[in-house]
file data_34.pdb (PDB, C-alpha atoms)
MODEL        1
ATOM      1  CA  MET A   1      22.400  16.684  65.831
ATOM      2  CA  ILE A   2      24.059  19.101  68.258
ATOM      3  CA  GLY A   3      23.708  16.506  71.011
ATOM      4  CA  ALA A   4      25.044  13.761  68.717
ATOM      5  CA  ALA A   5      28.061  15.908  67.867
ATOM      6  CA  ALA A   6      28.790  16.520  71.554
ATOM      7  CA  ALA A   7      28.360  12.790  72.284
ATOM      8  CA  LEU A   8      30.745  11.810  69.488
ATOM      9  CA  TYR A   9      33.421  14.299  70.554
ATOM     10  CA  LEU A  10      33.177  13.207  74.186
ATOM     11  CA  LEU A  11      33.125   9.440  73.638
ATOM     12  CA  ALA A  12      35.620   9.299  70.749
ATOM     13  CA  HIS A  13      38.069  12.044  71.728
ATOM     14  CA  GLY A  14      37.395  12.400  75.430
ATOM     15  CA  ARG A  15      36.784  16.088  74.862
ATOM     16  CA  VAL A  16      34.023  18.520  75.833
ATOM     17  CA  LEU A  17      32.448  20.078  72.758
ATOM     18  CA  GLY A  18      32.751  23.770  73.516
ATOM     19  CA  ALA A  19      33.014  26.025  70.488
ATOM     20  CA  SER A  20      34.660  28.949  72.312
ATOM     21  CA  GLY A  21      37.169  26.654  74.005
ATOM     22  CA  ILE A  22      38.107  24.869  70.779
ATOM     23  CA  ILE A  23      38.675  28.184  68.947
ATOM     24  CA  GLY A  24      40.088  30.065  71.941
ATOM     25  CA  GLY A  25      42.690  27.390  72.647
ATOM     26  CA  LEU A  26      44.065  27.982  69.156
ATOM     27  CA  VAL A  27      43.970  31.764  69.504
ATOM     28  CA  ASP A  28      45.804  32.035  72.844
ATOM     29  CA  GLY A  29      47.985  28.955  72.383
ATOM     30  CA  SER A  30      46.598  27.049  75.383
ATOM     31  CA  GLY A  31      45.374  24.293  73.049
ATOM     32  CA  ARG A  32      48.658  23.762  71.225
ATOM     33  CA  GLY A  33      48.883  20.145  72.383
ATOM     34  CA  ASN A  34      45.888  19.037  70.326
ATOM     35  CA  ALA A  35      45.782  21.828  67.761
ATOM     36  CA  SER A  36      45.275  19.557  64.760
ATOM     37  CA  GLU A  37      42.216  17.925  66.343
ATOM     38  CA  ARG A  38      40.796  21.406  66.951
ATOM     39  CA  LEU A  39      41.509  22.438  63.370
ATOM     40  CA  TRP A  40      39.781  19.352  61.981
ATOM     41  CA  PHE A  41      36.768  20.069  64.170
ATOM     42  CA  LEU A  42      36.622  23.663  62.904
ATOM     43  CA  ALA A  43      37.069  22.457  59.309
ATOM     44  CA  GLY A  44      33.938  20.307  59.700
ATOM     45  CA  LEU A  45      32.079  23.115  61.459
ATOM     46  CA  ILE A  46      32.759  25.482  58.545
ATOM     47  CA  LEU A  47      32.721  23.105  55.556
ATOM     48  CA  VAL A  48      29.553  21.119  56.247
ATOM     49  CA  PRO A  49      27.333  24.234  56.545
ATOM     50  CA  ALA A  50      29.114  25.578  53.432
ATOM     51  CA  LEU A  51      28.185  22.416  51.501
ATOM     52  CA  LEU A  52      24.618  22.445  52.836
ATOM     53  CA  SER A  53      24.093  26.082  51.927
ATOM     54  CA  TRP A  54      25.572  25.433  48.472
ATOM     55  CA  ALA A  55      23.249  22.453  47.940
ATOM     56  CA  PHE A  56      20.038  23.818  49.465
ATOM     57  CA  GLY A  57      20.606  27.574  49.402
ATOM     58  CA  PRO A  58      21.954  29.720  52.239
ATOM     59  CA  VAL A  59      19.994  30.218  55.446
ATOM     60  CA  ALA A  60      19.258  33.908  56.101
ATOM     61  CA  THR A  61      21.295  35.121  59.085
ATOM     62  CA  HIS A  62      19.581  38.551  59.208
ATOM     63  CA  ALA A  63      22.861  39.882  60.577
ATOM     64  CA  SER A  64      23.216  43.572  61.363
ATOM     65  CA  SER A  65      25.296  45.676  58.944
ATOM     66  CA  ASN A  66      26.285  48.116  61.665
ATOM     67  CA  VAL A  67      30.063  47.627  61.861
ATOM     68  CA  ALA A  68      30.395  49.263  65.288
ATOM     69  CA  LEU A  69      27.766  46.939  66.777
ATOM     70  CA  LEU A  70      29.318  43.869  65.121
ATOM     71  CA  VAL A  71      32.771  44.738  66.466
ATOM     72  CA  LEU A  72      31.447  45.511  69.952
ATOM     73  CA  ALA A  73      29.469  42.270  69.999
ATOM     74  CA  GLY A  74      32.388  40.202  68.712
ATOM     75  CA  LEU A  75      34.744  41.631  71.340
ATOM     76  CA  LEU A  76      32.215  40.979  74.112
ATOM     77  CA  VAL A  77      31.623  37.408  72.926
ATOM     78  CA  GLY A  78      35.365  36.744  72.596
ATOM     79  CA  VAL A  79      36.313  38.173  75.989
ATOM     80  CA  GLY A  80      33.218  36.904  77.798
ATOM     81  CA  THR A  81      33.413  33.296  76.648
ATOM     82  CA  ARG A  82      37.126  33.025  77.443
ATOM     83  CA  LEU A  83      36.778  34.711  80.828
ATOM     84  CA  ALA A  84      33.882  32.381  81.697
ATOM     85  CA  ASN A  85      35.627  29.394  80.085
ATOM     86  CA  GLY A  86      32.662  28.486  77.921
ATOM     87  CA  CYS A  87      29.721  29.496  75.781
ATOM     88  CA  THR A  88      26.374  28.048  74.756
ATOM     89  CA  SER A  89      27.809  24.666  73.766
ATOM     90  CA  GLY A  90      30.353  24.111  76.546
ATOM     91  CA  HIS A  91      28.489  25.538  79.546
ATOM     92  CA  GLY A  92      24.983  25.205  78.110
ATOM     93  CA  VAL A  93      24.849  21.839  76.372
ATOM     94  CA  CYS A  94      27.772  19.962  77.924
ATOM     95  CA  GLY A  95      27.696  21.620  81.364
ATOM     96  CA  MET A  96      23.997  21.485  82.142
ATOM     97  CA  SER A  97      23.664  17.890  80.877
ATOM     98  CA  ARG A  98      26.104  16.747  83.562
ATOM     99  CA  PHE A  99      24.273  18.896  86.135
ATOM    100  CA  SER A 100      27.250  21.193  86.632
ATOM    101  CA  LEU A 101      26.475  24.190  88.816
ATOM    102  CA  ARG A 102      28.911  26.279  86.743
ATOM    103  CA  GLY A 103      27.006  25.310  83.586
ATOM    104  CA  PHE A 104      23.672  26.427  85.056
ATOM    105  CA  VAL A 105      25.094  29.658  86.506
ATOM    106  CA  ALA A 106      26.831  30.551  83.219
ATOM    107  CA  THR A 107      23.672  29.843  81.228
ATOM    108  CA  ALA A 108      21.533  31.940  83.561
ATOM    109  CA  PHE A 109      23.963  34.867  83.330
ATOM    110  CA  TYR A 110      24.494  34.814  79.565
ATOM    111  CA  ILE A 111      20.738  34.748  79.017
ATOM    112  CA  LEU A 112      20.444  37.609  81.523
ATOM    113  CA  GLY A 113      23.207  39.483  79.670
ATOM    114  CA  GLY A 114      21.423  38.913  76.369
ATOM    115  CA  GLY A 115      18.103  39.985  77.848
ATOM    116  CA  LEU A 116      19.618  43.195  79.234
ATOM    117  CA  ALA A 117      21.339  43.937  75.900
ATOM    118  CA  LEU A 118      17.991  43.647  74.138
ATOM    119  CA  VAL A 119      16.207  45.806  76.709
ATOM    120  CA  LEU A 120      18.822  48.517  76.249
ATOM    121  CA  GLY A 121      19.512  48.077  72.520
ATOM    122  CA  ARG A 122      16.045  47.278  71.243
ATOM    123  CA  HIS A 123      13.511  48.696  73.661
ATOM    124  CA  ILE A 124      15.335  51.782  74.944
ATOM    125  CA  LEU A 125      17.826  52.825  72.243
ATOM    126  CA  GLY A 126      16.079  51.118  69.322
ATOM    127  CA  VAL A 127      19.332  50.140  67.563
ATOM    128  CA  LEU A 128      18.865  46.343  67.504
TER     129      LEU A 128
ATOM    130  CA  MET B   1      43.755   9.687  60.728
ATOM    131  CA  LEU B   2      40.594   8.317  62.354
ATOM    132  CA  ARG B   3      41.013  10.911  65.079
ATOM    133  CA  ALA B   4      41.070  13.720  62.489
ATOM    134  CA  LEU B   5      38.122  12.295  60.548
ATOM    135  CA  LEU B   6      35.981  11.877  63.646
ATOM    136  CA  ALA B   7      36.868  15.383  64.861
ATOM    137  CA  MET B   8      35.763  16.706  61.483
ATOM    138  CA  ALA B   9      32.588  14.610  61.699
ATOM    139  CA  ALA B  10      31.813  16.035  65.153
ATOM    140  CA  GLY B  11      32.392  19.577  63.870
ATOM    141  CA  GLY B  12      30.295  18.857  60.786
ATOM    142  CA  LEU B  13      27.385  17.405  62.757
ATOM    143  CA  PHE B  14      27.551  20.373  65.123
ATOM    144  CA  GLY B  15      27.544  22.817  62.191
ATOM    145  CA  ALA B  16      24.657  21.067  60.438
ATOM    146  CA  GLY B  17      22.698  21.074  63.689
ATOM    147  CA  LEU B  18      23.295  24.801  64.229
ATOM    148  CA  LEU B  19      22.181  25.456  60.645
ATOM    149  CA  VAL B  20      18.915  23.495  60.669
ATOM    150  CA  SER B  21      17.941  24.519  64.212
ATOM    151  CA  GLY B  22      17.951  28.243  63.418
ATOM    152  CA  MET B  23      20.911  29.078  65.676
ATOM    153  CA  VAL B  24      22.557  30.919  62.754
ATOM    154  CA  ASP B  25      19.530  33.220  62.352
ATOM    155  CA  THR B  26      20.356  36.291  64.420
ATOM    156  CA  GLN B  27      16.739  37.474  64.364
ATOM    157  CA  LYS B  28      15.558  34.220  65.886
ATOM    158  CA  VAL B  29      18.345  34.247  68.480
ATOM    159  CA  GLN B  30      17.586  37.840  69.472
ATOM    160  CA  GLY B  31      13.920  36.908  69.770
ATOM    161  CA  TRP B  32      14.930  34.121  72.135
ATOM    162  CA  LEU B  33      17.168  36.375  74.212
ATOM    163  CA  ASP B  34      14.502  39.079  74.405
ATOM    164  CA  VAL B  35      13.250  37.571  77.647
ATOM    165  CA  PHE B  36      11.996  40.940  78.933
ATOM    166  CA  GLY B  37      10.279  41.764  75.606
ATOM    167  CA  ALA B  38       8.491  39.744  72.921
ATOM    168  CA  TRP B  39      10.101  36.441  73.939
ATOM    169  CA  ASP B  40      10.248  33.680  71.313
ATOM    170  CA  PRO B  41      10.829  30.449  73.293
ATOM    171  CA  THR B  42      11.422  28.098  70.343
ATOM    172  CA  LEU B  43      15.223  27.926  70.709
ATOM    173  CA  ALA B  44      14.749  26.541  74.218
ATOM    174  CA  PHE B  45      13.646  23.343  72.456
ATOM    175  CA  VAL B  46      16.929  23.298  70.537
ATOM    176  CA  MET B  47      18.821  23.603  73.820
ATOM    177  CA  ALA B  48      16.696  20.878  75.423
ATOM    178  CA  GLY B  49      17.130  18.683  72.346
ATOM    179  CA  ALA B  50      20.894  18.845  72.797
ATOM    180  CA  VAL B  51      21.022  18.686  76.619
ATOM    181  CA  LEU B  52      18.636  15.745  77.153
ATOM    182  CA  PRO B  53      20.460  13.149  74.997
ATOM    183  CA  MET B  54      23.756  14.230  76.572
ATOM    184  CA  ILE B  55      22.584  13.217  80.079
ATOM    185  CA  PRO B  56      22.927   9.434  79.463
ATOM    186  CA  VAL B  57      26.077  10.062  77.389
ATOM    187  CA  TRP B  58      27.782  11.593  80.446
ATOM    188  CA  ARG B  59      26.826   8.473  82.440
ATOM    189  CA  LEU B  60      28.520   6.339  79.790
ATOM    190  CA  ALA B  61      31.530   8.641  79.651
ATOM    191  CA  ARG B  62      32.039   8.570  83.429
ATOM    192  CA  ARG B  63      32.435   4.787  83.343
ATOM    193  CA  ARG B  64      35.280   4.931  80.842
ATOM    194  CA  GLN B  65      38.974   5.283  81.689
ATOM    195  CA  ARG B  66      39.920   6.033  78.075
ATOM    196  CA  SER B  67      37.904   7.280  75.126
ATOM    197  CA  LEU B  68      36.986   5.075  72.154
ATOM    198  CA  LEU B  69      40.112   6.397  70.414
ATOM    199  CA  GLU B  70      42.169   5.500  73.512
ATOM    200  CA  LEU B  71      42.586   9.163  74.461
ATOM    201  CA  PRO B  72      42.286  10.373  78.063
ATOM    202  CA  MET B  73      38.794  11.264  79.273
ATOM    203  CA  PRO B  74      38.284  14.819  80.620
ATOM    204  CA  GLU B  75      40.043  15.774  83.852
ATOM    205  CA  PRO B  76      37.759  16.574  86.795
ATOM    206  CA  PHE B  77      36.036  19.870  86.066
ATOM    207  CA  PRO B  78      36.380  23.051  88.129
ATOM    208  CA  THR B  79      33.410  23.511  90.421
ATOM    209  CA  LEU B  80      34.037  27.019  91.714
ATOM    210  CA  VAL B  81      31.408  29.606  90.805
ATOM    211  CA  ASP B  82      33.550  32.727  90.730
ATOM    212  CA  ARG B  83      33.558  36.306  89.531
ATOM    213  CA  ASN B  84      35.110  35.431  86.149
ATOM    214  CA  LEU B  85      32.363  32.898  85.384
ATOM    215  CA  VAL B  86      29.583  35.347  86.193
ATOM    216  CA  LEU B  87      31.181  38.447  84.654
ATOM    217  CA  GLY B  88      32.355  36.567  81.558
ATOM    218  CA  SER B  89      28.924  35.050  80.989
ATOM    219  CA  LEU B  90      27.227  38.452  81.380
ATOM    220  CA  LEU B  91      29.612  40.025  78.827
ATOM    221  CA  PHE B  92      29.231  37.093  76.468
ATOM    222  CA  GLY B  93      25.433  37.244  76.758
ATOM    223  CA  ALA B  94      25.443  40.983  76.032
ATOM    224  CA  GLY B  95      27.508  40.423  72.880
ATOM    225  CA  TRP B  96      25.302  37.519  71.880
ATOM    226  CA  GLY B  97      22.249  39.730  72.280
ATOM    227  CA  ILE B  98      23.743  42.603  70.293
ATOM    228  CA  ALA B  99      24.793  40.572  67.238
ATOM    229  CA  GLY B 100      22.746  37.395  67.623
ATOM    230  CA  PHE B 101      25.816  35.206  67.101
ATOM    231  CA  CYS B 102      27.529  32.979  69.628
ATOM    232  CA  PRO B 103      30.874  31.330  68.732
ATOM    233  CA  GLY B 104      29.692  28.079  67.093
ATOM    234  CA  PRO B 105      27.013  29.563  64.813
ATOM    235  CA  SER B 106      29.274  32.443  63.752
ATOM    236  CA  LEU B 107      31.748  29.940  62.295
ATOM    237  CA  ALA B 108      28.971  27.769  60.869
ATOM    238  CA  ALA B 109      27.655  30.847  59.014
ATOM    239  CA  ILE B 110      30.987  32.242  57.861
ATOM    240  CA  SER B 111      30.813  30.648  54.393
ATOM    241  CA  PHE B 112      27.415  32.041  53.433
ATOM    242  CA  GLY B 113      26.560  34.809  55.917
ATOM    243  CA  GLY B 114      28.332  37.665  54.154
ATOM    244  CA  TRP B 115      30.909  40.191  55.369
ATOM    245  CA  GLN B 116      28.977  40.874  58.573
ATOM    246  CA  VAL B 117      29.921  37.439  59.911
ATOM    247  CA  TRP B 118      33.591  38.024  59.042
ATOM    248  CA  VAL B 119      33.617  41.296  60.968
ATOM    249  CA  PHE B 120      31.996  39.633  63.964
ATOM    250  CA  VAL B 121      34.388  36.651  63.898
ATOM    251  CA  ALA B 122      37.466  38.890  63.521
ATOM    252  CA  ALA B 123      36.395  40.907  66.579
ATOM    253  CA  MET B 124      35.622  37.715  68.495
ATOM    254  CA  LEU B 125      39.097  36.298  67.778
ATOM    255  CA  ALA B 126      40.636  39.610  68.864
ATOM    256  CA  GLY B 127      38.632  39.462  72.100
ATOM    257  CA  MET B 128      39.816  35.902  72.700
ATOM    258  CA  ALA B 129      43.428  36.936  72.093
ATOM    259  CA  LEU B 130      43.084  39.821  74.570
ATOM    260  CA  THR B 131      41.515  37.796  77.360
ATOM    261  CA  PRO B 132      44.657  36.295  78.966
ATOM    262  CA  ARG B 133      45.968  39.844  79.525
ATOM    263  CA  LEU B 134      42.600  41.014  80.855
ATOM    264  CA  ARG B 135      42.516  38.008  83.187
ATOM    265  CA  GLY B 136      45.935  39.048  84.485
ATOM    266  CA  ARG B 137      44.718  42.597  85.118
ATOM    267  CA  LEU B 138      41.666  41.327  86.996
ATOM    268  CA  ASP B 139      43.902  39.116  89.162
ATOM    269  CA  GLN B 140      46.108  42.148  89.912
ATOM    270  CA  LEU B 141      43.052  44.167  90.926
ATOM    271  CA  ASP B 142      41.994  41.314  93.227
ATOM    272  CA  GLU B 143      45.399  41.379  94.882
ATOM    273  CA  THR B 144      45.388  45.121  95.441
ATOM    274  CA  ALA B 145      41.821  44.897  96.760
ATOM    275  CA  THR B 146      42.712  42.248  99.322
ATOM    276  CA  ALA B 147      46.134  43.669 100.212
TER     277      ALA B 147
ENDMDL
END

call {"tool": "encode", "arguments": {"input": "data_34.pdb", "output": "structure tokens"}}
result
Amino acid sequence: MIGAAAALYLLAHGRVLGASGIIGGLVDGSGRGNASERLWFLAGLILVPALLSWAFGPVATHASSNVALLVLAGLLVGVGTRLANGCTSGHGVCGMSRFSLRGFVATAFYILGGGLALVLGRHILGVL
Amino acid sequence: MLRALLAMAAGGLFGAGLLVSGMVDTQKVQGWLDVFGAWDPTLAFVMAGAVLPMIPVWRLARRRQRSLLELPMPEPFPTLVDRNLVLGSLLFGAGWGIAGFCPGPSLAAISFGGWQVWVFVAAMLAGMALTPRLRGRLDQLDETATA
């Protein structure tokens, strides 16, 4: 389904499905030219899971309730994805499938970053 | 109209996929990112399941001058592997590991995931808003380093 979504967005709209880019372009104004397309995409991304969780019951996210960790993580994800120009969908799915070196390098480094965060947060500090 | 509907369909398919694949479950994601600990490889299949069908789609896309909706196809992509790509990805990965949410799943989960998701998303949007300024500062540092 994730692949089908990326295929649809690429073939119909001529756009790379990258979640951080679609949101980020609205936040910093760089995506003003096609803002309504971005908003419709985000509407689907929010509403369809809302309908599914209403119909079949919500999926457990097991999210942390530690506000400091949530804020730190959100800031890192926001800054990191915009600095790198992509996240799991843009660099991972869309980048690697066209054999982009940037896609592979980004994926290797965000998995490394995640691995290091878990080493420090889970295995050393025990907070995750 | 069709453009809006299809954009919503793409977002909806993406959201449904993130939901059923377990990408909105932070425990599962952290298990997958715990590559130096008790690694749970199952999400690699989700990644492969999205990457593999996209390979022939890119072949199709490259042959087209215009999209099916008569919109321009993507411009040539940057190819430079630079500091911002590596540093940004490391920071993003660290945040992803700490909370277990990356951008797509955090929005997919915002309707049912509770206040925790709202806090994460608010911080993520703030980080995105701050990045152009941070980028400028990094460029300045580069200039002073090479001057």

call {"tool": "resolve_selection", "arguments": {"input": "data_34.pdb", "expression": "the PyMOL selection byres ((chain A) within 6 of (chain B))", "output": "MDAnalysis selection string"}}
result
chainID A and resid 1:3 5 9 11:14 19:20 24 27:28 37 40:42 44:46 48:50 61:63 70:71 73:81 83:84 93 97 102 106 109:111 113:115 117:118

call {"tool": "atom_distance", "arguments": {"input": "data_34.pdb", "atom1": "atom CA of Ser64 of chain A", "atom2": "atom CA of Val127 of chain A"}}
result
9.8 Å

call {"tool": "atom_distance", "arguments": {"input": "data_34.pdb", "atom1": "atom CA of Leu43 of chain B", "atom2": "atom CA of Thr107 of chain A"}}
result
13.6 Å

call {"tool": "closest_residue", "arguments": {"input": "data_34.pdb", "among": "A:Ala43, A:Leu116, A:Leu128, A:Leu26", "to": "Leu69 of chain A", "atoms": "all atoms listed in the file"}}
result
A:Leu128

call {"tool": "atom_distance", "arguments": {"input": "data_34.pdb", "atom1": "atom CA of Arg38 of chain A", "atom2": "atom CA of Ile22 of chain A"}}
result
5.8 Å
